file coords.cif (mmCIF, C-alpha atoms and all ligand atoms)
data_final
#
loop_
_atom_site.label_atom_id
_atom_site.label_comp_id
_atom_site.auth_asym_id
_atom_site.auth_seq_id
_atom_site.Cartn_x
_atom_site.Cartn_y
_atom_site.Cartn_z
CA MET C 297 0.00 0.00 0.00
CA VAL C 298 1.25 3.44 -0.86
CA TRP C 299 1.04 5.76 2.09
CA ARG C 300 -0.02 9.11 0.72
CA LYS C 301 0.26 12.31 2.67
CA LYS C 302 -3.18 13.82 3.15
CA LYS C 303 -3.57 17.15 1.43
CA ASN C 304 -3.90 19.84 4.01
CA ILE C 305 -6.66 22.12 2.87
CA SER C 306 -5.84 24.84 5.33
CA GLU C 307 -2.65 25.53 3.41
CA ASN C 308 -4.76 26.73 0.49
CA ILE C 309 -6.95 29.10 2.47
CA GLU C 310 -6.12 32.66 1.53
CA PRO C 311 -6.32 35.30 4.24
CA THR C 312 -8.70 38.15 3.37
CA GLN C 313 -8.25 41.83 4.13
CA ASN C 314 -11.47 41.98 6.16
CA GLY C 315 -9.89 40.53 9.26
CA LYS C 316 -8.02 43.78 10.04
CA ASN C 317 -5.13 43.50 12.44
CA SER C 318 -6.83 41.61 15.25
CA LEU C 319 -6.19 37.90 15.43
CA ILE C 320 -9.88 37.15 15.97
CA VAL C 321 -12.68 39.33 14.61
CA LEU C 322 -16.38 38.59 15.06
CA LYS C 323 -18.65 40.86 13.05
CA ASP C 324 -22.35 41.25 13.66
CA LEU C 325 -22.71 37.60 14.55
CA ASP C 326 -26.14 36.05 15.16
CA LYS C 327 -26.93 32.50 16.12
CA VAL C 328 -30.53 31.36 16.13
CA TYR C 329 -31.46 27.84 17.27
CA HIS C 330 -34.54 26.49 15.53
CA THR C 331 -36.50 24.41 18.01
CA ASP C 332 -39.99 22.92 18.20
CA ALA C 333 -40.89 25.73 20.54
CA GLY C 334 -39.81 28.29 17.93
CA ASP C 335 -36.68 30.20 17.05
CA PHE C 336 -34.34 30.98 19.89
CA PRO C 337 -31.71 33.69 19.38
CA ALA C 338 -28.69 32.53 21.41
CA LEU C 339 -26.31 35.22 20.09
CA LEU C 340 -27.31 38.65 18.83
CA ASN C 341 -25.23 41.34 17.12
CA VAL C 342 -21.98 40.05 18.54
CA ASP C 343 -18.98 42.22 17.63
CA LEU C 344 -15.68 41.27 19.19
CA GLU C 345 -12.00 41.72 18.39
CA ILE C 346 -9.21 39.85 20.11
CA GLY C 347 -5.57 40.65 19.60
CA SER C 348 -2.72 38.20 19.44
CA GLY C 349 -1.41 37.32 22.90
CA GLU C 350 -4.54 38.27 24.81
CA PHE C 351 -5.92 36.09 27.58
CA VAL C 352 -9.65 36.68 27.42
CA SER C 353 -12.08 35.29 29.94
CA VAL C 354 -15.72 35.04 28.90
CA ILE C 355 -18.28 35.15 31.68
CA GLY C 356 -22.06 35.22 31.85
CA LYS C 357 -24.94 33.44 33.51
CA SER C 358 -25.87 29.90 32.59
CA GLY C 359 -27.71 30.02 29.26
CA SER C 360 -26.31 33.42 28.27
CA GLY C 361 -24.60 32.04 25.15
CA LYS C 362 -20.99 31.38 26.20
CA THR C 363 -20.77 27.88 24.79
CA THR C 364 -22.57 28.98 21.63
CA LEU C 365 -19.94 31.71 21.18
CA ILE C 366 -17.05 29.27 21.63
CA ASN C 367 -18.69 26.81 19.22
CA MET C 368 -18.84 29.53 16.56
CA LEU C 369 -15.15 30.28 16.99
CA THR C 370 -14.00 26.70 16.91
CA GLY C 371 -16.30 25.93 13.99
CA ILE C 372 -18.06 23.24 15.99
CA ASP C 373 -21.24 25.04 14.93
CA GLN C 374 -22.00 27.74 12.35
CA PRO C 375 -23.42 31.21 12.84
CA SER C 376 -26.86 32.06 11.39
CA SER C 377 -25.40 35.30 10.07
CA GLY C 378 -22.32 37.45 10.48
CA GLU C 379 -18.64 36.91 9.92
CA ILE C 380 -15.74 35.31 11.80
CA PHE C 381 -12.16 36.03 10.82
CA VAL C 382 -9.27 34.28 12.50
CA GLY C 383 -5.81 35.32 11.39
CA GLY C 384 -7.52 36.90 8.38
CA VAL C 385 -9.21 33.64 7.35
CA ALA C 386 -13.01 33.89 6.92
CA ILE C 387 -13.83 30.71 8.81
CA HIS C 388 -17.60 31.14 8.34
CA ASN C 389 -17.02 30.37 4.64
CA LEU C 390 -15.18 27.08 5.19
CA ASN C 391 -16.97 23.82 4.51
CA GLU C 392 -16.87 21.03 7.08
CA GLY C 393 -13.72 19.38 5.74
CA GLU C 394 -11.86 22.65 5.39
CA MET C 395 -12.98 23.64 8.85
CA ALA C 396 -11.72 20.43 10.45
CA ALA C 397 -8.34 20.80 8.75
CA TRP C 398 -8.09 24.48 9.65
CA ARG C 399 -9.12 23.90 13.27
CA GLY C 400 -6.66 21.04 13.66
CA ARG C 401 -3.77 23.36 12.97
CA ASN C 402 -4.94 26.68 14.29
CA MET C 403 -7.10 26.10 17.29
CA GLY C 404 -6.55 23.98 20.37
CA VAL C 405 -9.82 23.14 22.08
CA VAL C 406 -10.08 22.17 25.76
CA PHE C 407 -13.41 20.99 27.16
CA GLN C 408 -14.87 20.84 30.64
CA PHE C 409 -15.04 17.02 30.64
CA PHE C 410 -11.63 16.55 28.99
CA GLN C 411 -13.00 14.40 26.13
CA LEU C 412 -9.96 12.12 26.04
CA LEU C 413 -10.47 8.89 24.11
CA PRO C 414 -10.87 6.32 26.91
CA THR C 415 -9.36 3.32 25.12
CA LEU C 416 -6.14 5.11 24.15
CA SER C 417 -3.26 5.98 26.42
CA VAL C 418 -2.63 9.59 27.35
CA PHE C 419 0.36 9.56 24.99
CA GLN C 420 -1.76 8.23 22.12
CA ASN C 421 -4.39 10.89 22.79
CA VAL C 422 -1.75 13.58 22.32
CA MET C 423 -0.59 11.94 19.08
CA ILE C 424 -4.05 12.07 17.43
CA PRO C 425 -4.09 15.73 16.27
CA MET C 426 -0.61 15.41 14.76
CA ASP C 427 -1.58 12.21 12.96
CA PHE C 428 -4.84 13.77 11.77
CA CYS C 429 -3.18 16.88 10.35
CA ASN C 430 -0.04 15.14 9.14
CA MET C 431 2.07 17.49 11.15
CA PHE C 432 5.73 16.58 11.76
CA THR C 433 7.40 13.28 10.92
CA PRO C 434 6.22 10.21 12.89
CA ALA C 435 9.40 10.28 14.97
CA GLU C 436 8.97 13.98 15.68
CA ARG C 437 5.38 13.38 16.71
CA ARG C 438 6.39 10.89 19.38
CA GLU C 439 9.10 13.16 20.65
CA ARG C 440 6.74 16.13 20.65
CA ALA C 441 3.99 14.23 22.50
CA MET C 442 6.42 13.35 25.30
CA HIS C 443 7.73 16.89 25.38
CA LEU C 444 4.17 18.27 25.76
CA LEU C 445 3.36 15.79 28.51
CA GLU C 446 6.50 16.99 30.29
CA LEU C 447 5.40 20.60 29.77
CA VAL C 448 2.08 19.92 31.53
CA ASP C 449 3.87 17.82 34.14
CA ILE C 450 2.31 14.38 33.59
CA ALA C 451 5.05 12.63 31.59
CA GLU C 452 5.18 9.79 34.10
CA HIS C 453 1.55 8.95 33.27
CA ALA C 454 2.08 8.94 29.49
CA HIS C 455 1.29 5.28 28.95
CA LYS C 456 -1.70 5.01 31.26
CA LEU C 457 -5.33 5.11 30.21
CA PRO C 458 -7.03 8.44 31.00
CA SER C 459 -9.30 6.78 33.57
CA ARG C 460 -6.25 6.03 35.75
CA LEU C 461 -5.55 9.77 36.09
CA SER C 462 -7.12 12.36 38.40
CA GLY C 463 -9.38 15.05 36.92
CA GLY C 464 -6.62 17.63 37.04
CA GLN C 465 -4.18 15.26 35.33
CA GLN C 466 -6.75 14.44 32.64
CA GLN C 467 -7.22 18.13 31.97
CA ARG C 468 -3.44 18.51 31.69
CA ALA C 469 -3.47 15.70 29.14
CA ALA C 470 -6.27 17.48 27.24
CA ILE C 471 -4.18 20.66 27.23
CA ALA C 472 -1.16 18.76 25.90
CA ARG C 473 -3.40 17.37 23.15
CA ALA C 474 -4.68 20.86 22.36
CA LEU C 475 -1.07 22.04 21.97
CA ALA C 476 -0.04 19.13 19.75
CA ASN C 477 -0.04 21.04 16.45
CA ASP C 478 1.26 24.22 18.11
CA PRO C 479 -1.89 26.25 17.34
CA PRO C 480 -1.72 30.01 18.02
CA ILE C 481 -5.13 29.96 19.74
CA ILE C 482 -6.60 27.93 22.60
CA CYS C 483 -10.38 27.97 23.10
CA THR C 484 -11.68 26.45 26.28
CA ASP C 485 -15.18 26.10 27.72
CA GLU C 486 -15.31 25.82 31.52
CA PRO C 487 -11.95 24.00 31.71
CA THR C 488 -11.99 24.11 35.50
CA GLY C 489 -15.71 23.48 35.95
CA ASN C 490 -15.15 19.87 36.96
CA LEU C 491 -12.12 20.48 39.21
CA ASP C 492 -11.65 21.50 42.84
CA SER C 493 -10.49 25.07 43.36
CA LYS C 494 -6.84 24.22 44.03
CA THR C 495 -6.57 22.09 40.89
CA ALA C 496 -8.51 24.76 39.00
CA GLY C 497 -5.89 27.31 40.05
CA GLN C 498 -3.09 25.07 38.78
CA ILE C 499 -4.81 24.61 35.39
CA PHE C 500 -5.31 28.37 35.19
CA ASP C 501 -1.60 28.91 35.95
CA LEU C 502 -0.78 26.57 33.09
CA PHE C 503 -2.91 28.69 30.73
CA GLN C 504 -1.18 31.81 31.98
CA GLN C 505 2.17 30.23 31.20
CA LEU C 506 0.96 29.44 27.68
CA VAL C 507 -0.05 33.08 27.19
CA LYS C 508 3.43 34.14 28.30
CA ASP C 509 4.80 31.76 25.68
CA GLY C 510 2.78 33.60 23.00
CA LYS C 511 -0.57 31.78 22.81
CA THR C 512 -3.89 33.59 22.60
CA ILE C 513 -6.50 32.12 24.94
CA LEU C 514 -10.26 32.42 25.17
CA MET C 515 -11.59 30.86 28.33
CA VAL C 516 -15.25 30.55 29.24
CA THR C 517 -15.60 30.29 33.00
CA HIS C 518 -18.15 30.80 35.73
CA ASP C 519 -15.37 31.34 38.24
CA ASP C 520 -15.25 35.12 38.69
CA ASP C 521 -11.98 35.00 40.61
CA LEU C 522 -10.21 33.20 37.77
CA ALA C 523 -11.92 35.42 35.17
CA LYS C 524 -10.51 38.53 36.84
CA GLN C 525 -6.96 37.20 36.54
CA ALA C 526 -7.18 37.04 32.75
CA SER C 527 -5.93 40.11 30.88
CA ARG C 528 -9.42 40.96 29.70
CA THR C 529 -12.97 39.90 30.51
CA VAL C 530 -15.86 39.73 28.06
CA ILE C 531 -19.33 39.57 29.58
CA ILE C 532 -22.27 38.00 27.75
CA ALA C 533 -25.83 38.67 28.87
CA ASP C 534 -28.80 37.16 27.02
CA GLY C 535 -26.69 36.45 23.95
CA GLU C 536 -25.30 39.97 23.68
CA ILE C 537 -21.89 41.32 24.58
CA VAL C 538 -21.71 43.95 27.28
CA ASN C 539 -19.63 47.03 26.50
CA GLU C 540 -16.24 46.36 28.09
CA TYR C 541 -15.50 49.99 28.96
CA PHE C 542 -18.80 50.33 30.76
CA ALA C 543 -18.22 47.02 32.58
CA ASN C 544 -14.76 48.18 33.64
CA ALA C 545 -16.14 51.50 34.88
CA PHE C 546 -19.01 49.89 36.83
CA PRO C 547 -17.95 46.31 37.60
CA THR C 548 -20.43 45.79 40.44
CA LEU C 549 -23.57 46.19 38.33
CA SER C 550 -25.66 43.17 37.36
CA HIS C 551 -25.02 41.86 33.85
CA GLU C 552 -28.61 42.78 32.88
CA LEU C 553 -28.05 46.42 33.79
CA MET C 554 -24.69 46.41 32.06
CA LEU C 555 -26.43 45.24 28.90
CA LYS C 556 -29.20 47.78 29.28
CA ALA C 557 -26.58 50.51 29.61
CA THR C 558 -24.61 49.12 26.67
CA LYS C 559 -27.59 49.65 24.40
CA LYS C 560 -27.85 53.31 25.35
CA LEU C 561 -24.20 54.24 24.91
CA LEU C 562 -23.52 56.73 22.14
CA PRO C 563 -19.93 56.85 20.84
CA MET C 564 -18.37 60.25 20.14
CA SER C 565 -14.89 61.28 19.06
CA TYR C 566 -12.77 64.39 19.53
CA ALA C 567 -9.62 65.68 17.88
CA ALA C 568 -6.40 65.93 19.89
CA GLY C 569 -6.66 68.92 22.24
CA GLU C 570 -10.35 69.53 21.48
CA PRO C 571 -12.53 70.64 24.40
CA ILE C 572 -15.25 68.16 25.45
CA ILE C 573 -16.75 69.94 28.45
CA LEU C 574 -16.48 73.69 29.16
CA GLN C 575 -16.35 74.80 32.76
CA GLY C 576 -19.49 76.74 33.66
CA SER C 577 -21.57 75.23 30.88
CA GLU C 578 -24.80 73.35 31.33
CA ALA C 579 -24.45 69.60 32.01
CA ASP C 580 -26.24 67.39 29.49
CA ARG C 581 -24.05 64.30 29.07
CA PHE C 582 -22.00 61.62 30.86
CA TYR C 583 -18.78 60.24 29.36
CA ILE C 584 -16.65 57.09 29.58
CA VAL C 585 -13.24 57.16 27.88
CA SER C 586 -12.86 54.32 25.35
CA LYS C 587 -9.69 55.39 23.55
CA GLY C 588 -6.86 57.79 24.35
CA GLU C 589 -6.69 60.13 27.33
CA VAL C 590 -8.58 63.21 28.46
CA GLU C 591 -7.34 65.95 30.77
CA VAL C 592 -9.44 67.64 33.43
CA TYR C 593 -8.59 71.30 34.17
CA LEU C 594 -9.86 73.75 36.70
CA ASN C 595 -10.03 77.34 35.47
CA ARG C 596 -9.50 79.47 38.55
CA PRO C 597 -10.79 83.02 39.05
CA ASP C 598 -7.15 84.17 38.97
CA ALA C 599 -7.08 82.92 35.35
CA GLN C 600 -4.76 80.02 36.18
CA GLU C 601 -5.53 76.69 34.53
CA VAL C 602 -4.73 73.79 36.86
CA LEU C 603 -4.51 70.19 35.65
CA VAL C 604 -6.55 68.11 38.11
CA ASP C 605 -6.74 64.68 36.49
CA THR C 606 -5.83 62.59 33.45
CA LEU C 607 -8.32 59.86 32.58
CA GLY C 608 -7.90 56.83 30.30
CA PRO C 609 -10.03 53.98 28.92
CA GLY C 610 -12.67 52.70 31.35
CA GLN C 611 -12.61 55.93 33.39
CA TYR C 612 -15.55 58.33 33.32
CA PHE C 613 -16.24 62.04 33.68
CA GLY C 614 -19.05 64.53 33.58
CA GLU C 615 -20.90 63.04 36.54
CA ILE C 616 -20.50 65.84 39.11
CA ALA C 617 -22.88 68.42 37.66
CA LEU C 618 -25.28 65.70 36.51
CA LEU C 619 -25.57 64.39 40.07
CA ASN C 620 -25.42 67.68 41.98
CA GLY C 621 -27.15 69.95 39.46
CA GLY C 622 -25.59 73.29 38.56
CA ALA C 623 -22.96 74.17 35.96
CA ARG C 624 -19.86 72.17 34.97
CA SER C 625 -17.24 72.46 37.70
CA ALA C 626 -14.22 71.89 35.46
CA MET C 627 -13.09 71.76 31.87
CA VAL C 628 -12.32 68.46 30.11
CA ARG C 629 -10.45 68.21 26.84
CA ALA C 630 -8.83 65.55 24.69
CA SER C 631 -5.13 65.19 25.40
CA ILE C 632 -2.98 66.98 22.83
CA ASN C 633 -1.18 63.74 21.96
CA SER C 634 -3.90 61.96 19.99
CA PRO C 635 -7.57 62.00 19.05
CA ILE C 636 -9.85 60.34 21.60
CA GLU C 637 -13.07 58.37 21.72
CA VAL C 638 -15.70 58.38 24.41
CA LEU C 639 -18.95 56.55 25.07
CA THR C 640 -21.71 58.77 26.35
CA PHE C 641 -25.16 58.79 27.91
CA ASP C 642 -27.47 61.76 27.68
CA LYS C 643 -28.71 63.19 30.96
CA LYS C 644 -32.02 61.34 30.83
CA ASP C 645 -30.43 57.89 30.31
CA PHE C 646 -27.79 58.59 32.96
CA THR C 647 -30.40 59.61 35.51
CA GLU C 648 -32.53 56.58 34.66
CA LEU C 649 -29.55 54.23 35.12
CA LEU C 650 -28.76 55.72 38.51
CA GLY C 651 -32.40 55.18 39.47
CA ASP C 652 -32.18 51.53 38.36
CA SER C 653 -28.94 50.73 40.11
CA SER C 654 -28.00 51.50 43.68
CA GLU C 655 -24.51 50.12 42.91
CA MET C 656 -23.98 52.69 40.18
CA MET C 657 -25.39 55.44 42.40
CA GLU C 658 -22.94 54.46 45.15
CA GLU C 659 -20.00 54.45 42.75
CA ILE C 660 -20.94 57.84 41.29
CA LYS C 661 -21.42 59.37 44.75
CA ARG C 662 -18.05 58.04 45.86
CA SER C 663 -16.39 59.53 42.80
CA VAL C 664 -18.15 62.90 43.16
CA ASN C 665 -16.90 63.06 46.74
CA ILE C 666 -13.26 62.35 45.92
CA ARG C 667 -13.23 64.61 42.86
CA GLY C 668 -14.98 67.39 44.75
CA GLN C 669 -12.12 67.35 47.25
CA LYS C 670 -9.52 67.36 44.47
CA LEU C 671 -11.17 70.37 42.83
CA ALA C 672 -11.39 72.24 46.15
CA LYS C 673 -7.68 71.62 46.72
CA ALA C 674 -6.79 72.79 43.20
CA ALA C 675 -8.87 75.95 43.72
CA LYS C 676 -6.82 76.85 46.81
CA LYS C 677 -3.33 76.11 45.46
N1 LIG C 701 -28.67 23.04 20.17
C1 LIG C 701 -29.50 23.90 20.77
N2 LIG C 701 -30.80 23.98 20.41
C2 LIG C 701 -31.62 24.86 20.98
N3 LIG C 701 -31.27 25.74 21.94
C3 LIG C 701 -29.99 25.70 22.36
C4 LIG C 701 -29.04 24.80 21.80
N4 LIG C 701 -27.85 25.01 22.40
C5 LIG C 701 -28.04 25.99 23.29
N5 LIG C 701 -29.33 26.42 23.27
C6 LIG C 701 -29.90 27.49 24.07
O1 LIG C 701 -29.17 28.68 23.80
C7 LIG C 701 -28.93 29.41 24.99
C8 LIG C 701 -27.45 29.60 25.19
O2 LIG C 701 -26.84 28.33 25.45
P1 LIG C 701 -25.31 28.16 25.79
O3 LIG C 701 -24.52 28.84 24.74
O4 LIG C 701 -25.06 26.74 26.02
O5 LIG C 701 -25.18 29.00 27.15
P2 LIG C 701 -24.05 28.98 28.28
O6 LIG C 701 -22.88 28.22 27.78
O7 LIG C 701 -23.76 30.43 28.54
O8 LIG C 701 -24.66 28.35 29.50
C9 LIG C 701 -29.57 28.63 26.11
O9 LIG C 701 -30.84 29.18 26.36
C10 LIG C 701 -29.71 27.23 25.55
O10 LIG C 701 -30.83 26.58 26.10
MG MG C 702 -21.91 26.54 28.53
#

call {"tool": "encode", "arguments": {"input": "coords.cif", "output": "structure tokens"}}
result
Amino acid sequence: MVWRKKKNISENIEPTQNGKNSLIVLKDLDKVYHTDAGDFPALLNVDLEIGSGEFVSVIGKSGSGKTTLINMLTGIDQPSSGEIFVGGVAIHNLNEGEMAAWRGRNMGVVFQFFQLLPTLSVFQNVMIPMDFCNMFTPAERRERAMHLLELVDIAEHAHKLPSRLSGGQQQRAAIARALANDPPIICTDEPTGNLDSKTAGQIFDLFQQLVKDGKTILMVTHDDDLAKQASRTVIIADGEIVNEYFANAFPTLSHELMLKATKKLLPMSYAAGEPIILQGSEADRFYIVSKGEVEVYLNRPDAQEVLVDTLGPGQYFGEIALLNGGARSAMVRASINSPIEVLTFDKKDFTELLGDSSEMMEEIKRSVNIRGQKLAKAAKK
């Protein structure tokens, strides 16, 4: 029999220009499940960009759409509409065979229940992706499988069946398998959901090490403590993605309120150095910085302009006069270094949100207090 090398379809997939510079780009993604009870939208208008080297945790209540999102990215399932670019490749256009070949090389997938093949040894499980994708020579594959098992610290269990290993060890084996073809991206759905908290911490540390080594990781988790340790957190509520700048500004709000607020945010942009708020003017808007930096100045009666604060992404301004009434107590302008972007609420939406959320009211009051003191100090200098 002639052993013929399988053609690897992913080699022929041309990157498009639509993927921009981010490693992963989701554009206006919808996923509707058609059930006997009717159509169920599990993902709605999802826009998301993930850069190379990011460690992104995805959180959200049970049923919010986390697994659906991961399944779109890994090509386990297809979106109803919208686009998914990974490394510039439009993966929503790949057929099943192309998808399997592409995934095998580009995406390591780690599941909650490990999904190791029970009749194969741990070593053989790690060999499968390399065999499937015809990566490396057979000798290199064996060497690589052992090397990966050493990396995840279970080399001494290489020739055991998965069932002989503890849960944590099985997840390590699953991670070694995910790394077999050296994919740039790891997608993982509740990888610690079946582990005790100490073991969960160790698995998380392993992911962090992989990010340091250059991998990009998307991790769905319901463990808020672990989620916070990732470099970025994406929140899904009812199939929609919460604005990350808003979530960073008001992390204690419920996901439902975060989503409600997200839908009311109006983006605005300003040129470098352009004024955004004039001291003494009427207050009609609340702002959260989403790109660049803004500077807050106090114009004193003696005509001195004192810099009171510099605010960056996820920080807000414009709340003092909206809460207390009266005119703007300071001037805010875009930093002279670069143009800036902000997300804004009008006065009515801001007031309504404060009425809905005691957490947001508390946060705003706390901020008004601290900033009031800063302004008073600057006035006296
Ligand atoms: N194959 C399916 N058919 C119909 N509905 C589904 C299917 N898969 C998931 N859903 C529904 O879509 C919603 C999101 O599910 P899922 O993505 O699994 O949420 P999560 O992972 O956040 O718990 C849930 O309401 C779920 O019941
Ligand atoms: Mg899930």

call {"tool": "residues_near_ligand", "arguments": {"input": "coords.cif", "ligand": "ligand LIG 701 (chain C)", "cutoff": "9 Å", "atoms": "only C-alpha atoms and all ligand atoms", "output": "tab-separated table (two decimals) with C-alpha atoms, in the frame of the given file"}}
result
chain	number	residue	atom	x	y	z
C	327	LYS	CA	-26.93	32.50	16.12
C	328	VAL	CA	-30.53	31.36	16.13
C	329	TYR	CA	-31.46	27.84	17.27
C	330	HIS	CA	-34.54	26.49	15.53
C	331	THR	CA	-36.50	24.41	18.01
C	335	ASP	CA	-36.68	30.20	17.05
C	336	PHE	CA	-34.34	30.98	19.89
C	337	PRO	CA	-31.71	33.69	19.38
C	338	ALA	CA	-28.69	32.53	21.41
C	339	LEU	CA	-26.31	35.22	20.09
C	355	ILE	CA	-18.28	35.15	31.68
C	356	GLY	CA	-22.06	35.22	31.85
C	357	LYS	CA	-24.94	33.44	33.51
C	358	SER	CA	-25.87	29.90	32.59
C	359	GLY	CA	-27.71	30.02	29.26
C	360	SER	CA	-26.31	33.42	28.27
C	361	GLY	CA	-24.60	32.04	25.15
C	362	LYS	CA	-20.99	31.38	26.20
C	363	THR	CA	-20.77	27.88	24.79
C	364	THR	CA	-22.57	28.98	21.63
C	365	LEU	CA	-19.94	31.71	21.18
C	366	ILE	CA	-17.05	29.27	21.63
C	367	ASN	CA	-18.69	26.81	19.22
C	485	ASP	CA	-15.18	26.10	27.72
C	486	GLU	CA	-15.31	25.82	31.52
C	516	VAL	CA	-15.25	30.55	29.24
C	532	ILE	CA	-22.27	38.00	27.75
C	533	ALA	CA	-25.83	38.67	28.87
C	534	ASP	CA	-28.80	37.16	27.02
C	535	GLY	CA	-26.69	36.45	23.95

call {"tool": "atom_distance", "arguments": {"input": "coords.cif", "atom1": "CA of Leu502 in chain C", "atom2": "CA of Asn421 in chain C"}}
result
19.1 Å

call {"tool": "closest_residue", "arguments": {"input": "coords.cif", "among": "C:Phe503, C:Phe582, C:Phe381, C:Phe407", "to": "ligand MG 702 (chain C)", "atoms": "only C-alpha atoms and all ligand atoms"}}
result
C:Phe407

call {"tool": "residues_around", "arguments": {"input": "coords.cif", "residues": "range 562-573 of chain C", "least_positions_apart": "4", "cutoff": "10 Å", "atoms": "all atoms listed in the file", "output": "short mmCIF file (atom, residue, chain, number, x, y, z; two decimals) with C-alpha atoms, in the coordinates of the input"}}
result
data_model
loop_
_atom_site.label_atom_id
_atom_site.label_comp_id
_atom_site.auth_asym_id
_atom_site.auth_seq_id
_atom_site.Cartn_x
_atom_site.Cartn_y
_atom_site.Cartn_z
CA THR C 558 -24.61 49.12 26.67
CA SER C 577 -21.57 75.23 30.88
CA GLU C 578 -24.80 73.35 31.33
CA ALA C 579 -24.45 69.60 32.01
CA ASP C 580 -26.24 67.39 29.49
CA ARG C 581 -24.05 64.30 29.07
CA TYR C 583 -18.78 60.24 29.36
CA ILE C 584 -16.65 57.09 29.58
CA VAL C 585 -13.24 57.16 27.88
CA SER C 586 -12.86 54.32 25.35
CA LYS C 587 -9.69 55.39 23.55
CA GLY C 588 -6.86 57.79 24.35
CA GLU C 589 -6.69 60.13 27.33
CA VAL C 590 -8.58 63.21 28.46
CA GLU C 591 -7.34 65.95 30.77
CA VAL C 592 -9.44 67.64 33.43
CA PHE C 613 -16.24 62.04 33.68
CA GLY C 614 -19.05 64.53 33.58
CA ARG C 624 -19.86 72.17 34.97
CA SER C 625 -17.24 72.46 37.70
CA ALA C 626 -14.22 71.89 35.46
CA MET C 627 -13.09 71.76 31.87
CA VAL C 628 -12.32 68.46 30.11
CA ARG C 629 -10.45 68.21 26.84
CA ALA C 630 -8.83 65.55 24.69
CA SER C 631 -5.13 65.19 25.40
CA ILE C 632 -2.98 66.98 22.83
CA ASN C 633 -1.18 63.74 21.96
CA SER C 634 -3.90 61.96 19.99
CA PRO C 635 -7.57 62.00 19.05
CA ILE C 636 -9.85 60.34 21.60
CA GLU C 637 -13.07 58.37 21.72
CA VAL C 638 -15.70 58.38 24.41
CA LEU C 639 -18.95 56.55 25.07
CA THR C 640 -21.71 58.77 26.35
CA PHE C 641 -25.16 58.79 27.91
CA ASP C 642 -27.47 61.76 27.68
#

call {"tool": "closest_residue", "arguments": {"input": "coords.cif", "among": "C:Leu444, C:Leu457, C:Ala435, C:Val385", "to": "Ala476 in chain C", "atoms": "all atoms listed in the file"}}
result
C:Leu444

call {"tool": "closest_residue", "arguments": {"input": "coords.cif", "among": "C:Leu445, C:Leu461, C:Leu650, C:Met515", "to": "ligand MG 702 (chain C)", "atoms": "only C-alpha atoms and all ligand atoms"}}
result
C:Met515

call {"tool": "axis_aligned_box", "arguments": {"input": "coords.cif", "around": "range 472-487 of chain C", "padding_each_side": "8 Å", "output": "lines of an AutoDock Vina configuration file"}}
result
center_x = -7.0
center_y = 23.7
center_z = 24.1
size_x = 32.6
size_y = 28.6
size_z = 31.3

call {"tool": "build_atoms", "arguments": {"input": "coords.cif", "residues": "range 535-546 of chain C", "atoms": "N, CA and C atoms", "output": "PDB file, keeping the file's coordinate frame"}}
result
ATOM      1  N   GLY C 535     -27.184  36.583  25.323  1.00  0.00           N
ATOM      2  CA  GLY C 535     -26.690  36.450  23.950  1.00  0.00           C
ATOM      3  C   GLY C 535     -26.043  37.690  23.369  1.00  0.00           C
ATOM      4  N   GLU C 536     -25.932  38.753  24.190  1.00  0.00           N
ATOM      5  CA  GLU C 536     -25.300  39.970  23.680  1.00  0.00           C
ATOM      6  C   GLU C 536     -24.081  40.323  24.520  1.00  0.00           C
ATOM      7  N   ILE C 537     -23.123  40.979  23.872  1.00  0.00           N
ATOM      8  CA  ILE C 537     -21.890  41.320  24.580  1.00  0.00           C
ATOM      9  C   ILE C 537     -22.011  42.683  25.237  1.00  0.00           C
ATOM     10  N   VAL C 538     -21.663  42.711  26.510  1.00  0.00           N
ATOM     11  CA  VAL C 538     -21.710  43.950  27.280  1.00  0.00           C
ATOM     12  C   VAL C 538     -20.517  44.829  26.884  1.00  0.00           C
ATOM     13  N   ASN C 539     -20.743  46.126  26.809  1.00  0.00           N
ATOM     14  CA  ASN C 539     -19.630  47.030  26.500  1.00  0.00           C
ATOM     15  C   ASN C 539     -18.540  46.912  27.568  1.00  0.00           C
ATOM     16  N   GLU C 540     -17.323  46.640  27.134  1.00  0.00           N
ATOM     17  CA  GLU C 540     -16.240  46.360  28.090  1.00  0.00           C
ATOM     18  C   GLU C 540     -15.820  47.601  28.873  1.00  0.00           C
ATOM     19  N   TYR C 541     -15.895  48.766  28.254  1.00  0.00           N
ATOM     20  CA  TYR C 541     -15.500  49.990  28.960  1.00  0.00           C
ATOM     21  C   TYR C 541     -16.507  50.305  30.059  1.00  0.00           C
ATOM     22  N   PHE C 542     -17.778  50.116  29.732  1.00  0.00           N
ATOM     23  CA  PHE C 542     -18.800  50.330  30.760  1.00  0.00           C
ATOM     24  C   PHE C 542     -18.619  49.326  31.897  1.00  0.00           C
ATOM     25  N   ALA C 543     -18.399  48.056  31.549  1.00  0.00           N
ATOM     26  CA  ALA C 543     -18.220  47.020  32.580  1.00  0.00           C
ATOM     27  C   ALA C 543     -17.002  47.317  33.451  1.00  0.00           C
ATOM     28  N   ASN C 544     -15.937  47.837  32.848  1.00  0.00           N
ATOM     29  CA  ASN C 544     -14.760  48.180  33.640  1.00  0.00           C
ATOM     30  C   ASN C 544     -15.022  49.373  34.557  1.00  0.00           C
ATOM     31  N   ALA C 545     -15.838  50.308  34.067  1.00  0.00           N
ATOM     32  CA  ALA C 545     -16.140  51.500  34.880  1.00  0.00           C
ATOM     33  C   ALA C 545     -17.078  51.146  36.040  1.00  0.00           C
ATOM     34  N   PHE C 546     -18.013  50.233  35.801  1.00  0.00           N
ATOM     35  CA  PHE C 546     -19.010  49.890  36.830  1.00  0.00           C
ATOM     36  C   PHE C 546     -19.097  48.377  37.015  1.00  0.00           C
TER      37      PHE C 546
END
